[in-house]
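A.B. asks: Got a structure for you, questions after.
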Amino acid sequence: MLADRPVTALRGVGPALAEALARLGLQTVQDVLFHLPLRYEDRTRVVPIGGLRHGDRAVIEGEIQLAEVVFRRRRTLLVRLADGTGFVTLRFFHFSAAQQAQLARGLRLRCFGEVRMGPGGLEIVHPEYRRVTPGADAEAGGDTLTPIYPTTEGVQQGRLRALTDLALGLLSQGAIVDYVPGGILDTFELPTLEAAVRYVHRPPPDANVAQLAEGRHPAQRRLAFEELLAHQLSLRLLREAADHDRAWDLPRRTDLIERCLARLSFDLTAAQLRVWNEIERDLARPHPMMRLVQGDVGSGKTVVAALAALRAVDHGAQAAVMAPTELLAEQHARVFSSWLDPLGVRVALLTGRQPGKARAVLEGDLATGAIQVAVGTHALFQEGVAFDRLALVIVDEQHRFGVHQRLQLREKGMAEGRYPHQLVMTATPIPRTLAMTAYADLDVSIIDELPPGRTPIKTVVLPDARRSEIVERIDSACRAGRQAYWVCPLIEESDLVQYEAAEKTAAQLAEALPHVRIGLVHGRMPGRQKDAMMTAFKQGKLDLLVATTVIEVGVDVPNASLMVIENSERMGLAQLHQLRGRVGRGSVESTCVLLYQAPLTPIARERLAVLRETGDGFEVARRDLELRGPGELLGTRQTGLMQLRVADLTRDADLLPDVQRAAALMLDGPRSNIAGLVGRWLAAGERFRNA
Ligand code: ADP
Ligand code: MG
């Protein structure tokens, strides 16, 4: 059984490499076989440079026309390569003298890399390259699609290819267990596990390239099915356990909630009331609530959460509110205090950054129950933090917390044989089938109505050619004392390239807008620095915030009334909608400008039009689904909602009903295959211990 053979059984794998492989979760030969390619590269053809487009990954060949080292922010080697159909710039940030000497004018190179739009036209950052002699044959070499594996430090791509070769050599019939019931495979005409594994690692020369690239080959579908099934089973087991667990039952006790409601400056919307009623019913039961509240940005989820927290307080118990960032935690702490302090309820903020002494005092008060509602980041559940009687955990912006975190919470919160109730809140609207998959352990409530009196956000869609008009618009908005965001979305795989794009944009804007105070936040910044920048923006010390898509979900800067999003045609509608929700929080009419690189495909045009036409997140999600099939709705890979390796919740949405049926069958059956299946697909931390 390959599941029992350690990676060190493979030739050339010593302790050091085994350790590096362990970081990828690869401990056995079977693990290596289930470490699947992220994608494939078609390096079988050399393509004309003139036909390159932004985002292509391609092999090209041409002659070096110019090679120069420039000193901008950093030393950069620029090489201009031409093939008669066009030219492209090769950009090197790191290079040796030898390399520089090699890249001399007049030489021919064959390169591979990802093409992007740079300052002087198309370019490739750090291409793979080699010198070729003129007239070498046009075959780029390699007769299959090249699999690209997820890697980590100390394990190169080439090494993984060699290891999978060895592992595939050991793969014989029965060497890996097929846990999916045969009846299910027959029904859906799925290939055997062995065949599927072989195929995805080493697609044959005649493979259907397009199908593989889309992840829709039957071999991939078979593996996706199995992976989704494993996740579904683990979530269903988690829920099953929760339904038997004990929790503090929290029925209505005093008029605390009525008093809170009476003090609010607004009435709950009908949707908020309905959702609160659902929560109230759950809390009254002696088993832990496992409920997700979905509601568009601004729909008023926070107040509902506050009511739930009060119900815990009403029983002398505690509630913990967990936010994904320090900044959001601070914001929640302020809001909760403003509502709960007047009722004599003690709310406290607990973050990872409080100095030791202050923190020790807070921890003491938490342990005695003097603090009734604790607001914080995951620091709330660190080692050493103890509650007196934690009856409810509220998690905001759920998509940053995967199953793994939910499991941890459950275990951390357990005391006196009782588990805390869980309330998770998300602004990501997702259709029902997907919700039933990603949240199979949760009940779902939806706040499908915005509070009255909001000024709708005006959305305009403009080609990048009209950028200068937008820059002027920023100027006048900032002169009028308002603030703006400029978002450079993730269009590159590399963090570095991404960061450089944002940096460049910030520099250009600074040049064009000398009076405007500009800040920059990006994914490479340490969290502390990022929050400091966001805080400066929130406090009005900056007028314009240039950001990669890291803009914190849920951050409230009412004075920000203009949002510019570049390359919007490359982003998911849901994400655009979320970003847009950063403005429109004050009384001034807000505008969201969606810039795109012309020309737009008809579909892209229609997608962007959806945002112009509706401000309703659920409607956006619905239209997105209609237009693209289930594309991009979740952006699951980025958000970590589910850590999936082959499956894609959106692309493989049509498998989901069958996956649910298969899961039900396996749960009704002898259950003997479940542990093996879950163990094979889920990261160690996500494996439910009872599986
Ligand atoms: P989200 O669902 O995005 O977390 P919030 O809970 O932050 O939204 O609410 C957005 C704003 O709307 C807050 O300022 C909140 O006080 C306010 N709000 C919430 N419910 C209502 C309501 N029923 N009527 C008017 N304003 C409300
Ligand atoms: Mg919120």
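As shown in the structure tokens, the chain order sets the letters A, B, ...; within each chain, residues go from 1, and ligands are also counted from 1 in the order they appear.
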Just list the residues in region 515-659 of chain A DSSP gives strand (DSSP E) on the backbone, as a list in words.
C.D. replies: Ile518, Gly519, Leu520, Val521, Leu544, Leu545, Val546, Ala547, Ala560, Ser561, Leu562, Met563, Val564, Ile565, Thr591, Cys592, Val593, Leu594, Leu595 and Tyr596 of chain A
A.B. asks: Write out, as a short mmCIF file (atom, residue, chain, number, x, y, z; two decimals), in the first residue's frame, the residues just selected, with all heavy atoms.
C.D. replies:
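File selection01.cif, as written:
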data_model
loop_
_atom_site.label_atom_id
_atom_site.label_comp_id
_atom_site.auth_asym_id
_atom_site.auth_seq_id
_atom_site.Cartn_x
_atom_site.Cartn_y
_atom_site.Cartn_z
N ILE A 518 -1.13 60.55 -0.20
CA ILE A 518 -1.40 59.21 -0.70
C ILE A 518 -0.74 58.13 0.16
O ILE A 518 0.40 58.26 0.56
CB ILE A 518 -0.87 59.09 -2.16
CG1 ILE A 518 -1.58 60.11 -3.04
CG2 ILE A 518 -1.08 57.67 -2.70
CD1 ILE A 518 -1.14 60.09 -4.48
N GLY A 519 -1.50 57.10 0.44
CA GLY A 519 -0.95 55.95 1.18
C GLY A 519 -1.03 54.71 0.30
O GLY A 519 -1.79 54.68 -0.67
N LEU A 520 -0.26 53.71 0.66
CA LEU A 520 -0.24 52.48 -0.13
C LEU A 520 -0.33 51.27 0.80
O LEU A 520 0.41 51.18 1.77
CB LEU A 520 1.07 52.43 -0.93
CG LEU A 520 1.41 51.14 -1.68
CD1 LEU A 520 0.41 50.88 -2.80
CD2 LEU A 520 2.82 51.22 -2.27
N VAL A 521 -1.25 50.38 0.53
CA VAL A 521 -1.28 49.11 1.26
C VAL A 521 -1.27 47.95 0.28
O VAL A 521 -1.92 48.01 -0.75
CB VAL A 521 -2.53 48.92 2.18
CG1 VAL A 521 -2.38 49.69 3.44
CG2 VAL A 521 -3.80 49.28 1.45
N LEU A 544 -5.96 59.67 -0.18
CA LEU A 544 -6.15 58.62 -1.18
C LEU A 544 -5.39 57.38 -0.74
O LEU A 544 -4.22 57.46 -0.38
CB LEU A 544 -5.61 59.12 -2.53
CG LEU A 544 -5.55 58.09 -3.67
CD1 LEU A 544 -6.95 57.64 -4.05
CD2 LEU A 544 -4.83 58.68 -4.88
N LEU A 545 -6.08 56.26 -0.79
CA LEU A 545 -5.43 55.01 -0.42
C LEU A 545 -5.31 54.14 -1.66
O LEU A 545 -6.32 53.74 -2.24
CB LEU A 545 -6.25 54.30 0.66
CG LEU A 545 -5.52 53.15 1.34
CD1 LEU A 545 -4.38 53.68 2.20
CD2 LEU A 545 -6.49 52.35 2.19
N VAL A 546 -4.07 53.89 -2.06
CA VAL A 546 -3.84 52.96 -3.18
C VAL A 546 -3.64 51.59 -2.56
O VAL A 546 -2.89 51.45 -1.60
CB VAL A 546 -2.59 53.37 -3.98
CG1 VAL A 546 -2.33 52.37 -5.10
CG2 VAL A 546 -2.77 54.77 -4.55
N ALA A 547 -4.34 50.61 -3.09
CA ALA A 547 -4.30 49.31 -2.44
C ALA A 547 -4.34 48.19 -3.45
O ALA A 547 -4.94 48.33 -4.52
CB ALA A 547 -5.49 49.17 -1.50
N ALA A 560 -15.04 58.34 2.88
CA ALA A 560 -14.55 57.90 1.57
C ALA A 560 -15.74 57.77 0.62
O ALA A 560 -16.69 57.06 0.91
CB ALA A 560 -13.83 56.57 1.70
N SER A 561 -15.68 58.50 -0.48
CA SER A 561 -16.84 58.51 -1.36
C SER A 561 -16.49 58.18 -2.80
O SER A 561 -17.35 58.22 -3.66
CB SER A 561 -17.52 59.89 -1.29
OG SER A 561 -16.62 60.88 -1.76
N LEU A 562 -15.23 57.87 -3.05
CA LEU A 562 -14.85 57.53 -4.41
C LEU A 562 -13.98 56.28 -4.39
O LEU A 562 -13.03 56.19 -3.62
CB LEU A 562 -14.08 58.70 -5.04
CG LEU A 562 -13.57 58.55 -6.47
CD1 LEU A 562 -14.70 58.28 -7.44
CD2 LEU A 562 -12.82 59.82 -6.90
N MET A 563 -14.35 55.34 -5.24
CA MET A 563 -13.58 54.10 -5.32
C MET A 563 -13.25 53.85 -6.78
O MET A 563 -14.13 53.83 -7.62
CB MET A 563 -14.44 52.96 -4.77
CG MET A 563 -14.10 51.57 -5.21
SD MET A 563 -12.85 50.69 -4.24
CE MET A 563 -13.35 50.94 -2.57
N VAL A 564 -11.97 53.74 -7.08
CA VAL A 564 -11.55 53.45 -8.45
C VAL A 564 -10.96 52.05 -8.45
O VAL A 564 -10.10 51.73 -7.63
CB VAL A 564 -10.49 54.46 -8.94
CG1 VAL A 564 -10.12 54.18 -10.39
CG2 VAL A 564 -11.00 55.88 -8.77
N ILE A 565 -11.42 51.22 -9.36
CA ILE A 565 -10.88 49.86 -9.44
C ILE A 565 -10.31 49.63 -10.84
O ILE A 565 -11.03 49.73 -11.83
CB ILE A 565 -11.95 48.80 -9.12
CG1 ILE A 565 -12.60 49.11 -7.77
CG2 ILE A 565 -11.35 47.40 -9.13
CD1 ILE A 565 -13.75 48.20 -7.41
N THR A 591 -19.31 57.31 -5.54
CA THR A 591 -19.14 56.80 -6.90
C THR A 591 -18.10 55.69 -6.91
O THR A 591 -17.10 55.77 -6.21
CB THR A 591 -18.64 57.93 -7.83
OG1 THR A 591 -19.51 59.04 -7.71
CG2 THR A 591 -18.61 57.46 -9.27
N CYS A 592 -18.38 54.68 -7.71
CA CYS A 592 -17.41 53.62 -7.93
C CYS A 592 -17.08 53.61 -9.41
O CYS A 592 -17.97 53.51 -10.25
CB CYS A 592 -18.00 52.29 -7.49
SG CYS A 592 -16.93 50.90 -7.86
N VAL A 593 -15.80 53.78 -9.73
CA VAL A 593 -15.38 53.80 -11.13
C VAL A 593 -14.69 52.48 -11.46
O VAL A 593 -13.70 52.11 -10.83
CB VAL A 593 -14.38 54.95 -11.39
CG1 VAL A 593 -13.96 54.96 -12.85
CG2 VAL A 593 -15.00 56.28 -10.99
N LEU A 594 -15.25 51.75 -12.41
CA LEU A 594 -14.64 50.50 -12.83
C LEU A 594 -13.85 50.76 -14.10
O LEU A 594 -14.43 50.99 -15.16
CB LEU A 594 -15.72 49.44 -13.07
CG LEU A 594 -16.64 49.16 -11.88
CD1 LEU A 594 -17.73 48.17 -12.27
CD2 LEU A 594 -15.83 48.62 -10.71
N LEU A 595 -12.54 50.79 -13.99
CA LEU A 595 -11.70 50.99 -15.16
C LEU A 595 -11.42 49.64 -15.81
O LEU A 595 -11.25 48.64 -15.12
CB LEU A 595 -10.37 51.62 -14.76
CG LEU A 595 -10.38 53.09 -14.36
CD1 LEU A 595 -8.99 53.53 -13.93
CD2 LEU A 595 -10.86 53.95 -15.52
N TYR A 596 -11.39 49.62 -17.13
CA TYR A 596 -11.05 48.36 -17.79
C TYR A 596 -10.06 48.61 -18.92
O TYR A 596 -9.94 49.73 -19.41
CB TYR A 596 -12.30 47.67 -18.33
CG TYR A 596 -13.04 48.46 -19.39
CD1 TYR A 596 -12.67 48.39 -20.73
CD2 TYR A 596 -14.12 49.26 -19.05
CE1 TYR A 596 -13.34 49.11 -21.70
CE2 TYR A 596 -14.80 49.99 -20.01
CZ TYR A 596 -14.40 49.91 -21.34
OH TYR A 596 -15.06 50.64 -22.29
#
A.B. asks: Could you list, as a PyMOL selection string, all protein and nucleic acid residues with an atom at most 10 Å from ligand 1, counting only C-alpha atoms and all ligand atoms?
C.D. replies: chain A and resi 264-273+293-306+331-332+335+339+396-397+425-427+447+449-454+553-556+558+578+581-582+585-586
A.B. asks: Find the residues around Ala604 (chain A) up to 12 Å (only C-alpha atoms counted), leave out those fewer than 2 positions away in its own chain, and share them as an MDAnalysis selection string.
C.D. replies: chainID A and resid 461 567:573 594 596:602 606:611 624 627:628
A.B. asks: Looking at A:Asp543, A:Met666, A:Lys504, A:Ser468, which one is nearest to Arg517 (chain A), with distances taken over only C-alpha atoms?
C.D. replies: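 Closest candidate: A:Asp543.
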A.B. asks: Give me, as a list of chain:residue names, all polymer residues having an atom no more than 7 Å from region 21-29 of chain A, counting only C-alpha atoms and skipping those fewer than 6 positions away in the same chain.
C.D. replies: A:Leu2, A:Ala3, A:Asp4, A:Arg5, A:Pro6, A:Val7, A:Thr152, A:Ala167
A.B. asks: Mind checking which residues fall within 10 Å of Glu280 (chain A), counting only C-alpha atoms, ignoring those fewer than 2 positions away in the same chain, and posting them as a list of chain:residue names?
C.D. replies: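 Counting only C-alpha atoms, the residues come to A:Leu250, A:Pro251, A:Arg252, A:Arg274, A:Val275, A:Trp276, A:Asn277, A:Glu278, A:Asp282, A:Leu283, A:Ala284, A:Arg285, A:Met289, A:Leu307, A:Ala308, A:Arg311.
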A.B. asks: If you keep C-alpha atoms, can you produce a file of those selected residues as an mmCIF file, in the first residue's frame?
C.D. replies:
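Written output follows (part_33.cif):
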data_model
loop_
_atom_site.group_PDB
_atom_site.id
_atom_site.type_symbol
_atom_site.label_atom_id
_atom_site.label_comp_id
_atom_site.auth_asym_id
_atom_site.auth_seq_id
_atom_site.Cartn_x
_atom_site.Cartn_y
_atom_site.Cartn_z
ATOM 1 C CA LEU A 250 -30.132 30.599 26.557
ATOM 2 C CA PRO A 251 -33.859 31.313 26.476
ATOM 3 C CA ARG A 252 -35.174 34.829 27.087
ATOM 4 C CA ARG A 274 -36.499 37.497 11.107
ATOM 5 C CA VAL A 275 -32.851 36.490 11.371
ATOM 6 C CA TRP A 276 -32.727 37.456 15.024
ATOM 7 C CA ASN A 277 -35.729 35.242 15.653
ATOM 8 C CA GLU A 278 -33.956 32.320 14.008
ATOM 9 C CA ASP A 282 -31.266 28.236 18.252
ATOM 10 C CA LEU A 283 -29.861 29.792 21.403
ATOM 11 C CA ALA A 284 -32.702 28.458 23.497
ATOM 12 C CA ARG A 285 -31.725 24.865 22.666
ATOM 13 C CA MET A 289 -26.087 26.691 17.406
ATOM 14 C CA LEU A 307 -28.358 40.978 20.406
ATOM 15 C CA ALA A 308 -27.094 37.419 20.424
ATOM 16 C CA ARG A 311 -28.587 36.860 25.340
#
A.B. asks: Would you give me, as a PyMOL selection string, the residues in region 257-436 of chain A that DSSP reads as helix (DSSP H, G or I)?
C.D. replies: chain A and resi 257-263+270-283+301-314+326-343+356-368+378-381+398-400+403-413+432-436
A.B. asks: Grab the CA of Val375 (chain A) to CA of Gly356 (chain A) distance for me, in Å with one decimal place.
C.D. replies: 17.5 Å
